[in-house]
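*Asks:* Next up, entry-v1.txt (compact mmCIF, C-alpha atoms).
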# COMPACT_ATOMS: atom_id res chain seq x y z
CA MET I 79 -57.80 -132.26 -32.39
CA THR I 80 -55.40 -129.59 -31.06
CA ARG I 81 -51.73 -129.66 -31.89
CA PHE I 82 -50.76 -130.76 -28.40
CA GLY I 83 -53.86 -132.90 -27.79
CA LEU I 84 -52.13 -135.86 -29.45
CA SER I 85 -52.23 -139.47 -28.34
CA LEU I 86 -49.04 -140.72 -26.70
CA SER I 87 -48.23 -142.92 -29.69
CA ILE I 88 -48.55 -140.04 -32.15
CA LEU I 89 -46.56 -137.79 -29.83
CA ALA I 90 -43.82 -140.40 -29.63
CA MET I 91 -43.66 -140.51 -33.42
CA ALA I 92 -43.50 -136.73 -33.57
CA ILE I 93 -40.59 -136.63 -31.15
CA SER I 94 -38.60 -138.99 -33.36
CA ILE I 95 -38.96 -136.76 -36.43
CA PRO I 96 -35.99 -134.44 -37.08
CA VAL I 97 -36.49 -130.81 -36.03
CA HIS I 98 -36.09 -129.50 -39.58
CA ALA I 99 -39.22 -131.44 -40.57
CA HIS I 100 -41.20 -129.27 -38.14
CA ALA I 101 -39.80 -125.88 -39.12
CA ARG I 102 -42.35 -123.22 -38.20
CA ASP I 103 -42.56 -119.47 -38.01
CA GLN I 104 -45.33 -119.21 -35.41
CA ILE I 105 -44.94 -119.16 -31.63
CA GLU I 106 -46.83 -121.93 -29.84
CA VAL I 107 -48.09 -121.34 -26.30
CA VAL I 108 -49.80 -123.84 -23.97
CA GLY I 109 -50.89 -123.91 -20.34
CA SER I 110 -53.25 -122.31 -17.84
CA SER I 111 -56.88 -121.64 -18.73
CA THR I 112 -56.75 -118.68 -16.33
CA VAL I 113 -53.85 -117.07 -18.17
CA PHE I 114 -55.33 -118.04 -21.55
CA PRO I 115 -57.46 -114.86 -22.02
CA PHE I 116 -54.47 -112.65 -21.23
CA ALA I 117 -52.10 -114.59 -23.50
CA THR I 118 -54.70 -114.59 -26.28
CA SER I 119 -55.11 -110.81 -26.06
CA VAL I 120 -51.35 -110.32 -26.24
CA ALA I 121 -51.07 -112.78 -29.15
CA GLU I 122 -53.77 -110.94 -31.10
CA GLN I 123 -52.17 -107.56 -30.48
CA PHE I 124 -48.77 -108.99 -31.38
CA GLY I 125 -50.15 -110.40 -34.64
CA ARG I 126 -51.74 -107.06 -35.55
CA MET I 127 -48.32 -105.44 -35.49
CA GLY I 128 -47.66 -107.24 -38.76
CA LYS I 129 -44.05 -108.35 -38.36
CA PHE I 130 -44.74 -111.85 -37.03
CA LYS I 131 -47.59 -114.31 -37.28
CA THR I 132 -50.14 -114.41 -34.46
CA PRO I 133 -49.01 -116.97 -31.85
CA VAL I 134 -51.14 -120.07 -31.34
CA VAL I 135 -52.38 -120.18 -27.73
CA GLU I 136 -53.88 -123.36 -26.30
CA ALA I 137 -55.49 -123.95 -22.87
CA THR I 138 -54.19 -127.26 -21.52
CA GLY I 139 -54.13 -126.44 -17.80
CA SER I 140 -51.03 -125.38 -15.88
CA GLY I 141 -49.89 -128.92 -15.14
CA GLY I 142 -50.64 -130.12 -18.65
CA GLY I 143 -48.79 -127.18 -20.15
CA LEU I 144 -45.70 -127.68 -18.02
CA LYS I 145 -45.68 -131.38 -18.89
CA LEU I 146 -45.66 -130.54 -22.61
CA PHE I 147 -43.16 -127.72 -22.14
CA CYS I 148 -40.72 -129.88 -20.17
CA SER I 149 -40.92 -132.84 -22.57
CA GLY I 150 -38.04 -131.64 -24.70
CA ILE I 151 -36.31 -129.15 -26.95
CA GLY I 152 -37.33 -129.03 -30.60
CA LEU I 153 -40.03 -127.47 -32.68
CA GLN I 154 -42.47 -130.28 -31.97
CA HIS I 155 -42.58 -128.91 -28.41
CA PRO I 156 -44.17 -125.61 -27.24
CA ASP I 157 -42.10 -122.46 -26.87
CA VAL I 158 -43.96 -120.87 -23.96
CA THR I 159 -46.20 -122.24 -21.22
CA ASN I 160 -48.61 -120.27 -19.02
CA ALA I 161 -49.28 -121.20 -15.40
CA SER I 162 -51.60 -120.00 -12.66
CA ARG I 163 -49.11 -121.25 -10.08
CA ARG I 164 -45.34 -121.40 -9.90
CA ILE I 165 -43.57 -124.33 -11.49
CA LYS I 166 -43.08 -127.18 -9.03
CA LYS I 167 -39.61 -128.49 -8.18
CA LYS I 168 -40.32 -131.88 -9.77
CA GLU I 169 -41.47 -130.14 -12.97
CA PHE I 170 -38.39 -127.94 -12.98
CA ASP I 171 -36.17 -131.00 -12.48
CA LYS I 172 -37.85 -132.74 -15.44
CA CYS I 173 -37.15 -129.70 -17.60
CA GLN I 174 -33.52 -129.68 -16.48
CA ALA I 175 -33.17 -133.42 -17.17
CA ASN I 176 -34.29 -132.71 -20.73
CA GLY I 177 -31.78 -129.89 -21.14
CA ILE I 178 -34.38 -127.12 -20.87
CA ASP I 179 -33.40 -123.78 -19.39
CA MET I 180 -36.22 -121.31 -18.89
CA THR I 181 -37.05 -117.76 -17.95
CA GLU I 182 -39.87 -117.12 -15.48
CA ILE I 183 -42.18 -114.12 -15.90
CA VAL I 184 -44.84 -113.06 -13.39
CA ILE I 185 -47.54 -111.10 -15.22
CA GLY I 186 -49.81 -110.05 -12.33
CA PHE I 187 -52.27 -111.32 -9.77
CA ASP I 188 -55.59 -113.11 -9.87
CA GLY I 189 -58.10 -114.13 -7.23
CA ILE I 190 -59.79 -117.51 -7.01
CA VAL I 191 -63.52 -117.10 -6.57
CA LEU I 192 -66.48 -119.25 -5.69
CA ALA I 193 -69.34 -117.98 -7.77
CA ASN I 194 -72.94 -118.83 -8.59
CA ALA I 195 -75.66 -117.56 -10.87
CA ARG I 196 -77.03 -114.06 -10.39
CA ASN I 197 -80.47 -115.55 -9.74
CA GLY I 198 -79.05 -117.92 -7.12
CA VAL I 199 -78.72 -117.40 -3.37
CA PRO I 200 -75.87 -115.00 -2.44
CA LEU I 201 -73.06 -116.81 -0.59
CA LYS I 202 -71.05 -115.54 2.34
CA LEU I 203 -68.41 -118.07 3.38
CA THR I 204 -65.38 -118.58 5.56
CA ARG I 205 -62.39 -120.65 4.47
CA LYS I 206 -63.27 -123.12 7.23
CA GLN I 207 -66.68 -123.63 5.61
CA ILE I 208 -65.07 -123.96 2.18
CA TYR I 209 -62.76 -126.66 3.54
CA LEU I 210 -65.68 -128.55 5.09
CA ALA I 211 -67.61 -128.35 1.82
CA THR I 212 -64.79 -129.63 -0.38
CA ALA I 213 -62.48 -131.97 1.56
CA LYS I 214 -62.72 -135.75 1.32
CA LEU I 215 -61.98 -136.25 5.03
CA VAL I 216 -62.95 -133.79 7.77
CA PRO I 217 -63.05 -133.60 11.58
CA ASP I 218 -66.02 -135.39 13.13
CA PRO I 219 -68.66 -132.71 13.85
CA ASN I 220 -70.18 -134.90 16.59
CA LYS I 221 -66.92 -135.42 18.44
CA PRO I 222 -64.96 -132.16 18.71
CA CYS I 223 -61.27 -132.98 18.97
CA GLN I 224 -59.80 -132.35 22.41
CA ALA I 225 -56.53 -134.20 21.82
CA ALA I 226 -53.35 -133.56 19.86
CA TRP I 227 -54.70 -135.78 17.09
CA CYS I 228 -58.15 -137.08 16.14
CA ALA I 229 -58.82 -139.28 13.13
CA PRO I 230 -60.99 -137.61 10.48
CA ILE I 231 -64.15 -139.08 8.98
CA ALA I 232 -65.60 -139.21 5.48
CA ASN I 233 -67.19 -135.88 4.63
CA PRO I 234 -70.77 -136.04 5.97
CA TYR I 235 -71.91 -132.66 4.62
CA LYS I 236 -74.43 -133.00 1.81
CA LYS I 237 -76.02 -129.53 1.99
CA TRP I 238 -74.47 -126.14 2.74
CA SER I 239 -76.81 -125.80 5.72
CA ASP I 240 -75.34 -129.02 7.17
CA ILE I 241 -72.11 -127.07 7.67
CA ASP I 242 -73.78 -124.02 9.17
CA ALA I 243 -77.47 -123.24 9.59
CA SER I 244 -76.85 -119.74 8.25
CA LEU I 245 -75.87 -121.15 4.84
CA PRO I 246 -78.40 -122.02 2.10
CA ASP I 247 -80.50 -125.15 2.46
CA MET I 248 -79.28 -126.60 -0.83
CA LYS I 249 -77.13 -129.46 -2.01
CA ILE I 250 -73.37 -128.90 -2.18
CA GLU I 251 -72.63 -129.00 -5.90
CA ILE I 252 -69.28 -127.43 -6.75
CA LEU I 253 -68.00 -127.30 -10.31
CA GLY I 254 -64.24 -127.08 -10.10
CA PRO I 255 -61.06 -127.36 -12.15
CA PRO I 256 -59.40 -130.76 -12.74
CA PRO I 257 -56.11 -131.99 -11.18
CA THR I 258 -54.05 -130.54 -14.07
CA SER I 259 -55.19 -127.02 -13.20
CA GLY I 260 -53.08 -124.47 -11.35
CA THR I 261 -56.33 -122.92 -10.15
CA ARG I 262 -57.14 -126.17 -8.36
CA ASP I 263 -53.66 -126.29 -6.81
CA ALA I 264 -54.00 -122.72 -5.56
CA PHE I 265 -57.54 -123.32 -4.30
CA GLN I 266 -56.37 -126.34 -2.31
CA GLU I 267 -53.50 -124.38 -0.79
CA LEU I 268 -55.12 -121.00 -0.18
CA ALA I 269 -58.69 -121.99 0.65
CA MET I 270 -58.82 -125.61 1.82
CA SER I 271 -55.57 -125.81 3.80
CA LYS I 272 -56.08 -122.37 5.34
CA GLY I 273 -59.61 -123.38 6.29
CA ALA I 274 -58.44 -126.64 7.85
CA ASN I 275 -56.08 -124.70 10.10
CA SER I 276 -59.16 -123.23 11.81
CA PHE I 277 -59.15 -126.51 13.73
CA PRO I 278 -56.33 -126.38 16.35
CA HIS I 279 -55.47 -130.07 16.00
CA MET I 280 -55.17 -129.74 12.22
CA LYS I 281 -52.93 -126.70 12.57
CA ALA I 282 -50.77 -128.64 15.04
CA LEU I 283 -50.57 -131.59 12.64
CA LYS I 284 -48.80 -129.40 10.08
CA LYS I 285 -45.86 -129.11 12.51
CA THR I 286 -45.67 -132.79 13.38
CA ASP I 287 -46.55 -134.49 10.07
CA LYS I 288 -46.69 -132.05 7.19
CA SER I 289 -47.15 -134.81 4.60
CA LEU I 290 -50.28 -136.16 6.32
CA TRP I 291 -51.54 -132.63 6.96
CA LYS I 292 -51.18 -131.78 3.28
CA LYS I 293 -52.96 -134.97 2.23
CA LEU I 294 -55.88 -134.38 4.59
CA THR I 295 -56.29 -130.68 3.86
CA ARG I 296 -55.93 -130.82 0.07
CA THR I 297 -57.67 -134.03 -0.99
CA ILE I 298 -60.96 -133.14 -2.65
CA ARG I 299 -64.12 -135.14 -2.01
CA GLU I 300 -65.16 -137.75 -4.58
CA ASP I 301 -68.77 -138.35 -3.55
CA GLY I 302 -70.41 -135.95 -5.99
CA GLY I 303 -70.07 -132.77 -3.94
CA TRP I 304 -67.21 -131.70 -6.21
CA ILE I 305 -67.47 -132.17 -9.97
CA ASP I 306 -64.42 -131.78 -12.21
CA ALA I 307 -65.62 -129.40 -14.90
CA GLY I 308 -62.60 -129.31 -17.22
CA GLU I 309 -60.28 -126.50 -18.23
CA ASN I 310 -62.87 -124.44 -20.15
CA ASP I 311 -63.88 -121.75 -17.65
CA ASN I 312 -66.25 -120.11 -20.13
CA LEU I 313 -68.18 -123.37 -20.33
CA MET I 314 -68.32 -123.49 -16.54
CA VAL I 315 -69.80 -119.99 -16.47
CA SER I 316 -72.52 -121.19 -18.87
CA LYS I 317 -73.26 -124.18 -16.64
CA LEU I 318 -73.60 -121.93 -13.60
CA ALA I 319 -75.94 -119.60 -15.45
CA ALA I 320 -78.12 -122.60 -16.28
CA ASN I 321 -78.06 -124.10 -12.76
CA SER I 322 -78.69 -121.57 -9.99
CA ARG I 323 -77.93 -124.15 -7.27
CA ALA I 324 -74.39 -124.91 -8.45
CA VAL I 325 -71.22 -123.12 -7.37
CA GLY I 326 -68.10 -122.76 -9.54
CA VAL I 327 -64.42 -122.32 -8.69
CA PHE I 328 -62.30 -120.30 -11.15
CA GLY I 329 -60.18 -117.18 -11.59
CA PHE I 330 -61.45 -113.68 -10.84
CA SER I 331 -60.97 -112.63 -14.47
CA PHE I 332 -63.86 -114.88 -15.53
CA LEU I 333 -66.08 -113.41 -12.83
CA ASP I 334 -65.09 -109.93 -13.95
CA GLN I 335 -65.89 -110.72 -17.59
CA ASN I 336 -69.25 -112.34 -16.76
CA ALA I 337 -70.55 -110.11 -13.94
CA GLU I 338 -73.98 -109.88 -15.58
CA LYS I 339 -74.42 -113.69 -15.27
CA ILE I 340 -72.68 -114.69 -12.04
CA ARG I 341 -71.64 -113.22 -8.69
CA GLY I 342 -68.71 -114.08 -6.42
CA ALA I 343 -69.11 -115.35 -2.88
CA ILE I 344 -67.96 -113.05 -0.08
CA VAL I 345 -65.09 -114.83 1.70
CA GLU I 346 -64.04 -113.86 5.23
CA ASP I 347 -66.23 -110.74 4.87
CA VAL I 348 -64.29 -109.59 1.79
CA VAL I 349 -65.84 -109.15 -1.65
CA PRO I 350 -63.74 -110.57 -4.51
CA SER I 351 -62.96 -107.36 -6.39
CA PHE I 352 -60.09 -105.83 -8.36
CA ASP I 353 -59.14 -103.46 -5.53
CA ASN I 354 -59.41 -106.06 -2.76
CA ILE I 355 -57.17 -108.49 -4.64
CA ALA I 356 -54.65 -105.78 -5.52
CA ASP I 357 -54.53 -104.63 -1.88
CA GLY I 358 -54.11 -108.16 -0.54
CA LYS I 359 -57.39 -108.04 1.39
CA TYR I 360 -58.95 -110.95 -0.48
CA GLY I 361 -57.24 -114.04 0.91
CA ILE I 362 -57.67 -116.47 -1.98
CA SER I 363 -55.36 -114.84 -4.51
CA ARG I 364 -52.20 -115.87 -6.37
CA SER I 365 -49.60 -114.79 -8.92
CA LEU I 366 -49.82 -115.70 -12.62
CA TYR I 367 -46.82 -116.82 -14.68
CA PHE I 368 -45.45 -117.80 -18.03
CA TYR I 369 -42.21 -119.60 -18.87
CA ILE I 370 -40.00 -119.13 -21.92
CA LYS I 371 -37.97 -122.00 -23.41
CA GLN I 372 -34.60 -120.35 -23.94
CA ALA I 373 -33.37 -122.84 -26.54
CA HIS I 374 -36.23 -121.86 -28.89
CA VAL I 375 -35.35 -118.16 -28.88
CA GLY I 376 -33.75 -117.37 -32.21
CA THR I 377 -35.13 -120.55 -33.77
CA VAL I 378 -38.81 -119.64 -33.65
CA PRO I 379 -39.07 -116.01 -34.79
CA GLY I 380 -40.63 -113.41 -32.54
CA ILE I 381 -40.36 -114.96 -29.08
CA LEU I 382 -38.47 -112.06 -27.51
CA GLU I 383 -40.77 -109.60 -29.26
CA TYR I 384 -43.83 -111.46 -27.91
CA VAL I 385 -42.37 -111.32 -24.40
CA ARG I 386 -41.64 -107.61 -24.86
CA GLU I 387 -45.28 -106.99 -25.80
CA PHE I 388 -46.61 -109.04 -22.88
CA THR I 389 -44.44 -107.17 -20.37
CA SER I 390 -45.01 -103.72 -21.85
CA GLU I 391 -46.83 -101.04 -19.89
CA ASP I 392 -49.42 -101.01 -22.67
CA ALA I 393 -50.25 -104.64 -21.83
CA PHE I 394 -49.65 -105.52 -18.15
CA GLY I 395 -49.17 -101.99 -16.79
CA GLU I 396 -51.53 -100.09 -14.51
CA ASP I 397 -53.54 -98.83 -17.49
CA GLY I 398 -52.76 -101.72 -19.84
CA TYR I 399 -55.25 -103.48 -22.05
CA LEU I 400 -54.99 -106.69 -19.99
CA LEU I 401 -56.76 -104.95 -17.10
CA ASP I 402 -59.90 -104.99 -19.25
CA LYS I 403 -59.62 -108.79 -19.15
CA GLY I 404 -59.41 -108.83 -15.34
CA LEU I 405 -55.65 -108.92 -14.72
CA ILE I 406 -54.51 -107.34 -11.43
CA PRO I 407 -51.22 -105.54 -12.17
CA LEU I 408 -47.95 -105.99 -10.32
CA PRO I 409 -46.36 -103.06 -8.48
CA ARG I 410 -44.20 -100.90 -10.76
CA GLN I 411 -40.83 -102.18 -9.51
CA GLU I 412 -41.87 -105.79 -10.05
CA ARG I 413 -43.08 -104.98 -13.55
CA LEU I 414 -39.68 -103.46 -14.30
CA LYS I 415 -37.94 -106.54 -12.92
CA TYR I 416 -39.86 -109.02 -15.05
CA ARG I 417 -39.62 -106.84 -18.16
CA LYS I 418 -35.82 -106.88 -17.70
CA ASP I 419 -35.79 -110.64 -16.97
CA GLY I 420 -37.71 -111.28 -20.16
CA GLN I 421 -35.40 -109.27 -22.40
CA ASN I 422 -32.24 -110.63 -20.73
CA LEU I 423 -33.62 -114.20 -20.68
CA THR I 424 -32.69 -114.49 -17.02
CA LYS I 425 -32.25 -118.18 -16.26
CA LEU I 426 -34.52 -119.64 -13.59
CA SER I 427 -32.87 -121.71 -10.85
CA MET I 428 -34.57 -123.54 -7.99
If you took the structure in this file and wrote it as structure tokens, what would it be?

*Replies:*
Amino acid sequence: MTRFGLSLSILAMAISIPVHAHARDQIEVVGSSTVFPFATSVAEQFGRMGKFKTPVVEATGSGGGLKLFCSGIGLQHPDVTNASRRIKKKEFDKCQANGIDMTEIVIGFDGIVLANARNGVPLKLTRKQIYLATAKLVPDPNKPCQAAWCAPIANPYKKWSDIDASLPDMKIEILGPPPTSGTRDAFQELAMSKGANSFPHMKALKKTDKSLWKKLTRTIREDGGWIDAGENDNLMVSKLAANSRAVGVFGFSFLDQNAEKIRGAIVEDVVPSFDNIADGKYGISRSLYFYIKQAHVGTVPGILEYVREFTSEDAFGEDGYLLDKGLIPLPRQERLKYRKDGQNLTKLSM
């Protein structure tokens, strides 16, 4: 069992134990499975330097990591959390309620891809088609909406070809990240909601009832078309390689690292590639983050040094070693900003 994979009862006991009983000299990092390969590479490089122990990095999902991170101050809580989306206001408020001040670092960009096995049928999709394949409720295909508002129906699409005859005649079977994942949050926002706005009445709904619009455009189907596949993206890649009819949703870095096994779907006529994400041409892309618990700096040795390594040109720069893992670098001025924020422990406010 992982350090932070504790039952609630055990966790409650741990919280009650005095901090000195948990004295440690090793940084503990939780959070996003997408950021995990980058954080692991930095941790290994940091450990090889010899001054500090190699940090422990754990993939708990962005939401799971922020929940652990915001639970309190003390060495029974993680020092750093990774996220493939920005911290939400309610998460930030929980941190603040527990006395936690933090520094936010953006490390680069990543694209969200839909991918299938190399021996599967190549996919060329629009965001509208992605929305229709993944949403729980969709516009009625037999009654095109001519009014300001039309009630949606339960998703009737069982095969890709049901959505469009040009798509493969195969069952919709999408392996995707669970609700705790920042990748899922970003997919819902950047792919599903954008696709829903292809329908004029859905786009209009956003202006009149944003809460309902968000619910309709971001609620994932529960009839078997979407299968929560956990936070282990490497395991998902293996499942796709073994099932040529399935499609997976995950970060570009995993596509980049497994290009011999899987291929990414073309979306809106754009191939998911390093250059297209960096240039902003590929529409389903997002920033990647990590957050530093300021109260732990100086208590757990090496936190500032770890941050310095992560934000060095050797790591997240244009020729840094994280590019070999699939990271898309920030522009130079933004890299300078976040390097400075990390060393100054600039306090995040929302």

*Asks:* Which residue is closest to I:Phe147? Choose from I:Arg341, I:Arg413, I:Lys172, I:Arg164 and count all atoms listed in the file.

*Replies:*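 Checking each candidate against I:Phe147, we get I:Lys172 as the closest.
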
*Asks:* Counting only C-alpha atoms, which residue out of I:Lys292, I:Lys168, I:Arg299, I:Lys425 sits closest to I:Ile208?

*Replies:* I:Arg299

*Asks:* Nearest to I:Gly342 among I:Trp304, I:Leu203, I:Leu366, I:Arg386, with distances taken over all atoms listed in the file: which residue is it?

*Replies:*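 So, comparing all the options, the nearest one is I:Leu203.
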
*Asks:* Given the choices I:Ile178, I:Met428, I:Ile183, I:Val113, which gets closest to I:Leu146 if the distance is worked out from only C-alpha atoms?

*Replies:*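 Among I:Ile178, I:Met428, I:Ile183, I:Val113, it is I:Ile178 that comes nearest to I:Leu146.
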
*Asks:* What is the atom CA of I:Ile344 to atom CA of I:Phe277 distance in Å?

*Replies:* 21.2 Å

*Asks:* Could you check the closest approach to I:Thr389 for each of I:Ala121, I:Cys148, I:Ile185, I:Ile355 and tell me which residue wins, using all atoms listed in the file?

*Replies:* I:Ile185

*Asks:* Name the closest residue to I:Gly420 among the candidates I:Phe328, I:Trp238, I:Phe368, I:Phe170; distances are taken between atoms, counting only C-alpha atoms.

*Replies:*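 Nearest to I:Gly420: I:Phe368.
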
*Asks:* Report, in Å to a single decimal, how far apart atom CA of I:Val107 and atom CA of I:Glu136 are.

*Replies:* 6.1 Å

*Asks:* How many Å lie between atom CA of I:Asn312 and atom CA of I:Thr138, rounded to one decimal?

*Replies:*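 So the two atoms, atom CA of I:Asn312 and atom CA of I:Thr138, lie 14.1 Å apart.
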
*Asks:* Please produce, as CSV, a per-residue contact table for stretch 278-352 of chain I versus stretch 239-252 of chain I (criterion: any atom at most 12 Å away, all atoms listed in the file considered), showing the nearest atom pair and its distance in Å to one decimal, sorted by chain then residue number.

*Replies:*
residue,atom,partner,partner_atom,distance
I:Ile298,CA,I:Ile252,CA,10.9
I:Arg299,CA,I:Ile252,CA,10.4
I:Glu300,CA,I:Ile252,CA,11.3
I:Asp301,CA,I:Glu251,CA,10.4
I:Gly302,CA,I:Glu251,CA,7.3
I:Gly303,CA,I:Glu251,CA,5.0
I:Trp304,CA,I:Ile252,CA,4.8
I:Ile305,CA,I:Ile252,CA,6.0
I:Asp306,CA,I:Ile252,CA,8.5
I:Ala307,CA,I:Ile252,CA,9.1
I:Met314,CA,I:Ile252,CA,10.6
I:Lys317,CA,I:Ile252,CA,11.1
I:Leu318,CA,I:Ile252,CA,9.8
I:Asn321,CA,I:Glu251,CA,10.0
I:Ser322,CA,I:Glu251,CA,10.4
I:Arg323,CA,I:Met248,CA,7.0
I:Ala324,CA,I:Glu251,CA,5.1
I:Val325,CA,I:Ile252,CA,4.8
I:Gly326,CA,I:Ile252,CA,5.6
I:Val327,CA,I:Ile252,CA,7.3
I:Phe328,CA,I:Ile252,CA,10.9
I:Ala343,CA,I:Leu245,CA,11.8

*Asks:* Extract, using all atoms listed in the file, all DNA, RNA and protein residues at most 12 Å from I:Asn176, discarding same-chain residues fewer than 3 positions from it, and format them as a CSV table (one decimal) with C-alpha atoms, in the coordinates of the input.

*Replies:*
chain,number,residue,atom,x,y,z
I,145,LYS,CA,-45.7,-131.4,-18.9
I,146,LEU,CA,-45.7,-130.5,-22.6
I,147,PHE,CA,-43.2,-127.7,-22.1
I,148,CYS,CA,-40.7,-129.9,-20.2
I,149,SER,CA,-40.9,-132.8,-22.6
I,150,GLY,CA,-38.0,-131.6,-24.7
I,151,ILE,CA,-36.3,-129.2,-27.0
I,152,GLY,CA,-37.3,-129.0,-30.6
I,155,HIS,CA,-42.6,-128.9,-28.4
I,169,GLU,CA,-41.5,-130.1,-13.0
I,170,PHE,CA,-38.4,-127.9,-13.0
I,171,ASP,CA,-36.2,-131.0,-12.5
I,172,LYS,CA,-37.8,-132.7,-15.4
I,173,CYS,CA,-37.2,-129.7,-17.6
I,179,ASP,CA,-33.4,-123.8,-19.4
I,180,MET,CA,-36.2,-121.3,-18.9
I,371,LYS,CA,-38.0,-122.0,-23.4
I,373,ALA,CA,-33.4,-122.8,-26.5

*Asks:* Would you place a box with edges along x, y and z of the file around all atoms of stretch 414-420 of chain I listed there, add 5 Å to each of its six sides, and report the centre and edge lengths in Å to one decimal, as lines of an AutoDock Vina configuration file?

*Replies:*
center_x = -37.8
center_y = -107.4
center_z = -16.5
size_x = 14.1
size_y = 17.8
size_z = 17.2

*Asks:* Please list as a list in words every residue within 9 Å of I:Phe265, counting all atoms listed in the file and excluding residues in the same chain fewer than 2 positions away.

*Replies:*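 The residues that qualify are Ile190, Val191, Gly260, Thr261, Arg262, Asp263, Glu267, Leu268, Ala269, Met270, Ser271, Arg296, Val327, Phe328, Ile362 and Ser363 of chain I.
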
*Asks:* Pull the neighbourhood of (-61.0, -132.8, 10.2) for me: all residues within 6 Å in file coordinates, counting all atoms listed in the file, as number ranges by chain.

*Replies:* I: 216-217, 230

*Asks:* Dump C-alpha atoms for the selected residues as a PDB file, in the coordinates of the input?

*Replies:*
ATOM      1  CA  VAL I 216     -62.950-133.790   7.770  1.00  0.00           C
ATOM      2  CA  PRO I 217     -63.050-133.600  11.580  1.00  0.00           C
ATOM      3  CA  PRO I 230     -60.990-137.610  10.480  1.00  0.00           C
TER       4      PRO I 230
END
